[in-house]
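A.B. asks: Here it is, the structure in full.
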Amino acid sequence: MLGLDKKDTSLFLLVLLLVVLAPFLLNPFPENSELAQFNAGYPDLMQRFLIFGIFAIGFNILFGLTGYLSFGHAAFLGVGSYAGVWMMKLLTMNVLPAIIISVIFAGLFSLLVGYISLRRSGIYFSILTLAFAQMSFSLAYSVLTPITNGETGLQLALDDPRILGVSQVDGSIPLAHFFGVNMRDSFELSLGGWLFTFNAGYYLCAVVMMIAFYIAVRIFRSPFGMMLRAVKSNQQRMNFTGLNSRPYTLAAFVISGMYAGLAGGLMVAMDPLAGAERMQWTASGEVVLMTILGGAGTLIGPVLGAGFIKYCENIFSKINDNILYEWFSALPEAVSDILVFVIHPFIGKGWHLTLGIMFMLIVIFLPGGIMEGFQRIGKLFSRKKKKEADASGATPAPAE
Amino acid sequence: MEILRVEGVNKSFGGLKALNNVNFKVNEGTVHAIIGPNGAGKSTFLNCMIGRLAPDTGTVMFGDISLTGMKPHEINQVGVSRVFQTPEIFGELTLLENIMIPALAKRDGDFALHAFARVDQDAEIRDKAMHMLEDVGLAEKRDIIASSLSRGDKRRLELAMCLSQDPKLLLLDEPTAGMSRADTNNTIDLLKRIGDRGITKVVIEHDMHVVFSLAEKVTVLAQGTIIAEGKPEDIKGDPRVQEAYLGGAHL
């Protein structure tokens, strides 16, 4: 289907199914239960899953295939965001032009950064990209204030021209829409104790992510993708085989930069503002973590990694001591005190600790990330099946 | 007809003169061996030919193209392929992919953005790669990862990668180093077989057995200078060669 082979088609359909049904899947607990804390099926977070999924898919095209570790990809996301907000300020509140211009600007900026940074490889390349990203971050805070609005961040205003739209509606800033469909529009479905939210913005993100994912699958299976893996494997052999590795790496860099810009544009489409902190090195590091955690070089690993990190960030950080006491209310006070004391560092602001430990465990025991974990489980099952089959084959069948 | 002509090549590393005014010619369709003791400058010489090192002075002409100053991928694109002393293959890729890459490089040039084509549907390249794998006897292993091959198989794979490009000139840097006698003989047979395709070959080799069973002409390099050149039989008896190469012992 769509020029994919059987295996990739089923993978694509699986991802499609998960994305479409996410509002159900991420809300497994009834609204009033104590476990509702762990529900992730609200629009804001689901949008973030997909947006960072796109960011990680793009990053994986560069890092997973060519092995070039960029520490500055957040800069492209930031540039995309600013470009998107400007589009909404100047042109229209329709998100489509904003998203398109985000991709274009991020692509141009990554062409510049890539052209310079790719003169070096390995750690020097990483440092160069990091330097570019930090430079962009600092500039956005200081001299570029007329464009970026400095520390406040770039926001929409009532006196924005919006040539193809209106400056204001009833005295307030108009809402972001996609050909009339408001991004904040949601349809809520109440079933028993459960509440499921279907948000227009989320489904726009879903469509964009499926397109982005599809393109990534095609790149992975193309001669171009094979050449990128050759870059990672043995660049020297590649050059002596008559291939110029530079344009290959540059193309991969620009493509992944455009993915980052797309993610930035979608962020703006969901929430029309942009701040310099989006370009900070921690944001660049986050996408590296997502990709490695999920499994660099795999197709859906980075998406899973993105979901995992965003889930930790949003869910664990919201648990506080009071909630813990509620959970342990059945236990004697002394015991619950001790339990809360032990768990306290891992929740709330301590969610980084939880994430850090998980990251270390995964990298040490599953160097291939979450995907390797799945593969091992899959192998375990197939081996068991094989053993059973062997065993049943070995024992002589009773005569009938 | 000359296919390769090297004139007045000098190369120094600091104070060490690795190549001293080397002049060298290879005739089309022949097998030319370069022999010499360790540190004679053989590999340096090969590196100067294929753009891995830039010679200090002198010219390298391939037909009527000057190779001096060209980048490695450009040199390959005009028809010069090289087998390295330690096999340079794409370790993480399958054998089939290892051969499809050079075949694609030959067909599509040094860069092609075929991001929406499918590798597994490119019948032309696939067939060529399969054919090549059969030629070197690795067809059954086509889907395994190249780094898991034995050393001898890696060499054969690398040779197949170079041959899949139908090069005009093939440079081989000690193609049998570290191989058992049986593997060496297999490689000699393989190289003789591909000789039928009219590919000119320059072989650097330590193993005299290999040199004398393959080469039509031998050049002896010692301390960066050519000390003898001629037919294998003549070289065998040359006292200067025996002096330099074997410390005076008879071959």
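Residues in the structure tokens are numbered from 1 in each chain, the chains being A, B, ... in the order shown, and ligands are numbered from 1 in the order shown.
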Mind the document's chain letters and residue numbers, and return as a ChimeraX atom specification the residues of segment 19-204 of chain B that DSSP labels helix (DSSP H, G or I).
C.D. replies: /B:42-49,72-77,95-108,119-121,123-135,139-141,146-148,151-163,181-197
A.B. asks: Could you list, as an MDAnalysis selection string, the residues of chain A having an atom within 7 Å of chain B when counting only C-alpha atoms?
C.D. replies: chainID A and resid 218:219 221:225 230 233:234 237 239:244 247
A.B. asks: Hey, can you check how far atom CA of Val85 of chain A sits from atom CA of Leu45 of chain A?
C.D. replies: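 Straight-line distance from atom CA of Val85 of chain A to atom CA of Leu45 of chain A works out to 20.7 Å.
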A.B. asks: Please compute the atom CA of Leu157 of chain B-atom CA of Ile3 of chain B distance, one decimal, in Å.
C.D. replies: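 Computing it gives 25.7 Å between the two atoms.
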A.B. asks: Using DSSP on the backbone coordinates, identify all residues within segment 58-239 of chain B classified as strand (DSSP E or B); present the result as a PDB file with N, CA and C atoms, in the first residue's frame.
C.D. replies:
ATOM      1  N   GLY B  58      55.191  15.875  -8.910  1.00  0.00           N
ATOM      2  CA  GLY B  58      54.953  14.788  -9.849  1.00  0.00           C
ATOM      3  C   GLY B  58      53.511  14.709 -10.293  1.00  0.00           C
ATOM      4  N   THR B  59      53.261  13.899 -11.313  1.00  0.00           N
ATOM      5  CA  THR B  59      51.915  13.769 -11.855  1.00  0.00           C
ATOM      6  C   THR B  59      51.512  12.305 -11.943  1.00  0.00           C
ATOM      7  N   VAL B  60      50.221  12.083 -11.799  1.00  0.00           N
ATOM      8  CA  VAL B  60      49.648  10.756 -11.998  1.00  0.00           C
ATOM      9  C   VAL B  60      48.618  10.886 -13.105  1.00  0.00           C
ATOM     10  N   MET B  61      48.860  10.226 -14.231  1.00  0.00           N
ATOM     11  CA  MET B  61      47.927  10.313 -15.348  1.00  0.00           C
ATOM     12  C   MET B  61      47.209   8.991 -15.524  1.00  0.00           C
ATOM     13  N   PHE B  62      45.877   9.068 -15.593  1.00  0.00           N
ATOM     14  CA  PHE B  62      45.075   7.871 -15.852  1.00  0.00           C
ATOM     15  C   PHE B  62      44.478   8.070 -17.237  1.00  0.00           C
ATOM     16  N   ILE B  65      43.575  11.642 -18.181  1.00  0.00           N
ATOM     17  CA  ILE B  65      43.055  12.416 -17.046  1.00  0.00           C
ATOM     18  C   ILE B  65      44.139  12.494 -15.980  1.00  0.00           C
ATOM     19  N   SER B  66      44.367  13.691 -15.453  1.00  0.00           N
ATOM     20  CA  SER B  66      45.325  13.823 -14.360  1.00  0.00           C
ATOM     21  C   SER B  66      44.625  13.551 -13.034  1.00  0.00           C
ATOM     22  N   VAL B  80      38.672   4.016 -11.345  1.00  0.00           N
ATOM     23  CA  VAL B  80      39.733   3.396 -10.546  1.00  0.00           C
ATOM     24  C   VAL B  80      39.128   2.895  -9.233  1.00  0.00           C
ATOM     25  N   SER B  81      39.225   1.597  -8.977  1.00  0.00           N
ATOM     26  CA  SER B  81      38.715   1.053  -7.724  1.00  0.00           C
ATOM     27  C   SER B  81      39.866   0.489  -6.913  1.00  0.00           C
ATOM     28  N   ARG B  82      39.647   0.427  -5.613  1.00  0.00           N
ATOM     29  CA  ARG B  82      40.741  -0.034  -4.764  1.00  0.00           C
ATOM     30  C   ARG B  82      40.268  -1.031  -3.712  1.00  0.00           C
ATOM     31  N   VAL B  83      41.072  -2.089  -3.533  1.00  0.00           N
ATOM     32  CA  VAL B  83      40.878  -3.023  -2.428  1.00  0.00           C
ATOM     33  C   VAL B  83      41.933  -2.707  -1.390  1.00  0.00           C
ATOM     34  N   THR B  94      24.032  -5.386   5.069  1.00  0.00           N
ATOM     35  CA  THR B  94      24.074  -6.760   4.576  1.00  0.00           C
ATOM     36  C   THR B  94      25.006  -6.844   3.367  1.00  0.00           C
ATOM     37  N   ILE B 145      24.887  -9.722   8.020  1.00  0.00           N
ATOM     38  CA  ILE B 145      25.596  -8.458   8.227  1.00  0.00           C
ATOM     39  C   ILE B 145      27.080  -8.664   7.918  1.00  0.00           C
ATOM     40  N   LEU B 169      40.632   0.214 -13.908  1.00  0.00           N
ATOM     41  CA  LEU B 169      41.871  -0.091 -13.195  1.00  0.00           C
ATOM     42  C   LEU B 169      41.520  -0.499 -11.770  1.00  0.00           C
ATOM     43  N   LEU B 170      42.079  -1.626 -11.353  1.00  0.00           N
ATOM     44  CA  LEU B 170      41.809  -2.128 -10.005  1.00  0.00           C
ATOM     45  C   LEU B 170      43.117  -2.177  -9.232  1.00  0.00           C
ATOM     46  N   LEU B 171      43.150  -1.516  -8.091  1.00  0.00           N
ATOM     47  CA  LEU B 171      44.350  -1.502  -7.266  1.00  0.00           C
ATOM     48  C   LEU B 171      44.119  -2.426  -6.078  1.00  0.00           C
ATOM     49  N   LEU B 172      45.032  -3.349  -5.876  1.00  0.00           N
ATOM     50  CA  LEU B 172      44.864  -4.297  -4.779  1.00  0.00           C
ATOM     51  C   LEU B 172      46.045  -4.177  -3.835  1.00  0.00           C
ATOM     52  N   ASP B 173      45.751  -3.857  -2.573  1.00  0.00           N
ATOM     53  CA  ASP B 173      46.803  -3.697  -1.576  1.00  0.00           C
ATOM     54  C   ASP B 173      46.864  -4.964  -0.732  1.00  0.00           C
ATOM     55  N   THR B 200      42.553  -3.901 -15.871  1.00  0.00           N
ATOM     56  CA  THR B 200      43.969  -3.746 -15.541  1.00  0.00           C
ATOM     57  C   THR B 200      44.113  -3.797 -14.029  1.00  0.00           C
ATOM     58  N   LYS B 201      45.139  -4.504 -13.553  1.00  0.00           N
ATOM     59  CA  LYS B 201      45.289  -4.628 -12.102  1.00  0.00           C
ATOM     60  C   LYS B 201      46.692  -4.247 -11.663  1.00  0.00           C
ATOM     61  N   VAL B 202      46.760  -3.502 -10.563  1.00  0.00           N
ATOM     62  CA  VAL B 202      48.039  -3.242  -9.916  1.00  0.00           C
ATOM     63  C   VAL B 202      47.951  -3.891  -8.546  1.00  0.00           C
ATOM     64  N   VAL B 203      48.874  -4.811  -8.280  1.00  0.00           N
ATOM     65  CA  VAL B 203      48.816  -5.581  -7.036  1.00  0.00           C
ATOM     66  C   VAL B 203      50.049  -5.293  -6.193  1.00  0.00           C
ATOM     67  N   ILE B 204      49.813  -4.898  -4.955  1.00  0.00           N
ATOM     68  CA  ILE B 204      50.918  -4.835  -4.002  1.00  0.00           C
ATOM     69  C   ILE B 204      50.903  -6.143  -3.245  1.00  0.00           C
ATOM     70  N   LYS B 217      54.185  -8.298 -15.025  1.00  0.00           N
ATOM     71  CA  LYS B 217      55.310  -7.388 -14.876  1.00  0.00           C
ATOM     72  C   LYS B 217      55.445  -7.069 -13.398  1.00  0.00           C
ATOM     73  N   VAL B 218      56.690  -6.916 -12.934  1.00  0.00           N
ATOM     74  CA  VAL B 218      56.923  -6.663 -11.519  1.00  0.00           C
ATOM     75  C   VAL B 218      57.801  -5.419 -11.361  1.00  0.00           C
ATOM     76  N   THR B 219      57.411  -4.562 -10.421  1.00  0.00           N
ATOM     77  CA  THR B 219      58.239  -3.406 -10.079  1.00  0.00           C
ATOM     78  C   THR B 219      58.692  -3.580  -8.640  1.00  0.00           C
ATOM     79  N   VAL B 220      59.985  -3.385  -8.402  1.00  0.00           N
ATOM     80  CA  VAL B 220      60.496  -3.555  -7.045  1.00  0.00           C
ATOM     81  C   VAL B 220      60.811  -2.189  -6.456  1.00  0.00           C
ATOM     82  N   LEU B 221      60.231  -1.928  -5.293  1.00  0.00           N
ATOM     83  CA  LEU B 221      60.404  -0.650  -4.621  1.00  0.00           C
ATOM     84  C   LEU B 221      61.208  -0.901  -3.353  1.00  0.00           C
ATOM     85  N   ALA B 222      62.229  -0.087  -3.110  1.00  0.00           N
ATOM     86  CA  ALA B 222      62.949  -0.175  -1.838  1.00  0.00           C
ATOM     87  C   ALA B 222      63.315   1.220  -1.406  1.00  0.00           C
ATOM     88  N   THR B 225      62.414   4.131  -3.717  1.00  0.00           N
ATOM     89  CA  THR B 225      62.965   4.221  -5.065  1.00  0.00           C
ATOM     90  C   THR B 225      62.711   2.920  -5.796  1.00  0.00           C
ATOM     91  N   ILE B 226      62.481   3.029  -7.110  1.00  0.00           N
ATOM     92  CA  ILE B 226      62.332   1.799  -7.894  1.00  0.00           C
ATOM     93  C   ILE B 226      63.722   1.257  -8.194  1.00  0.00           C
ATOM     94  N   ILE B 227      63.974   0.021  -7.768  1.00  0.00           N
ATOM     95  CA  ILE B 227      65.311  -0.523  -8.002  1.00  0.00           C
ATOM     96  C   ILE B 227      65.327  -1.537  -9.135  1.00  0.00           C
ATOM     97  N   ALA B 228      64.178  -2.064  -9.504  1.00  0.00           N
ATOM     98  CA  ALA B 228      64.179  -3.000 -10.625  1.00  0.00           C
ATOM     99  C   ALA B 228      62.783  -3.079 -11.199  1.00  0.00           C
ATOM    100  N   GLU B 229      62.688  -3.430 -12.455  1.00  0.00           N
ATOM    101  CA  GLU B 229      61.390  -3.578 -13.097  1.00  0.00           C
ATOM    102  C   GLU B 229      61.546  -4.574 -14.239  1.00  0.00           C
ATOM    103  N   GLY B 230      60.558  -5.446 -14.409  1.00  0.00           N
ATOM    104  CA  GLY B 230      60.665  -6.379 -15.524  1.00  0.00           C
ATOM    105  C   GLY B 230      59.753  -7.565 -15.356  1.00  0.00           C
TER     106      GLY B 230
END
A.B. asks: Which residues are near Leu16 of chain B? Cut-off 12 Å, only C-alpha atoms, ignore same chain within fewer than 6 positions. Put them as number ranges by chain.
C.D. replies: B: 10, 39-41, 223-224
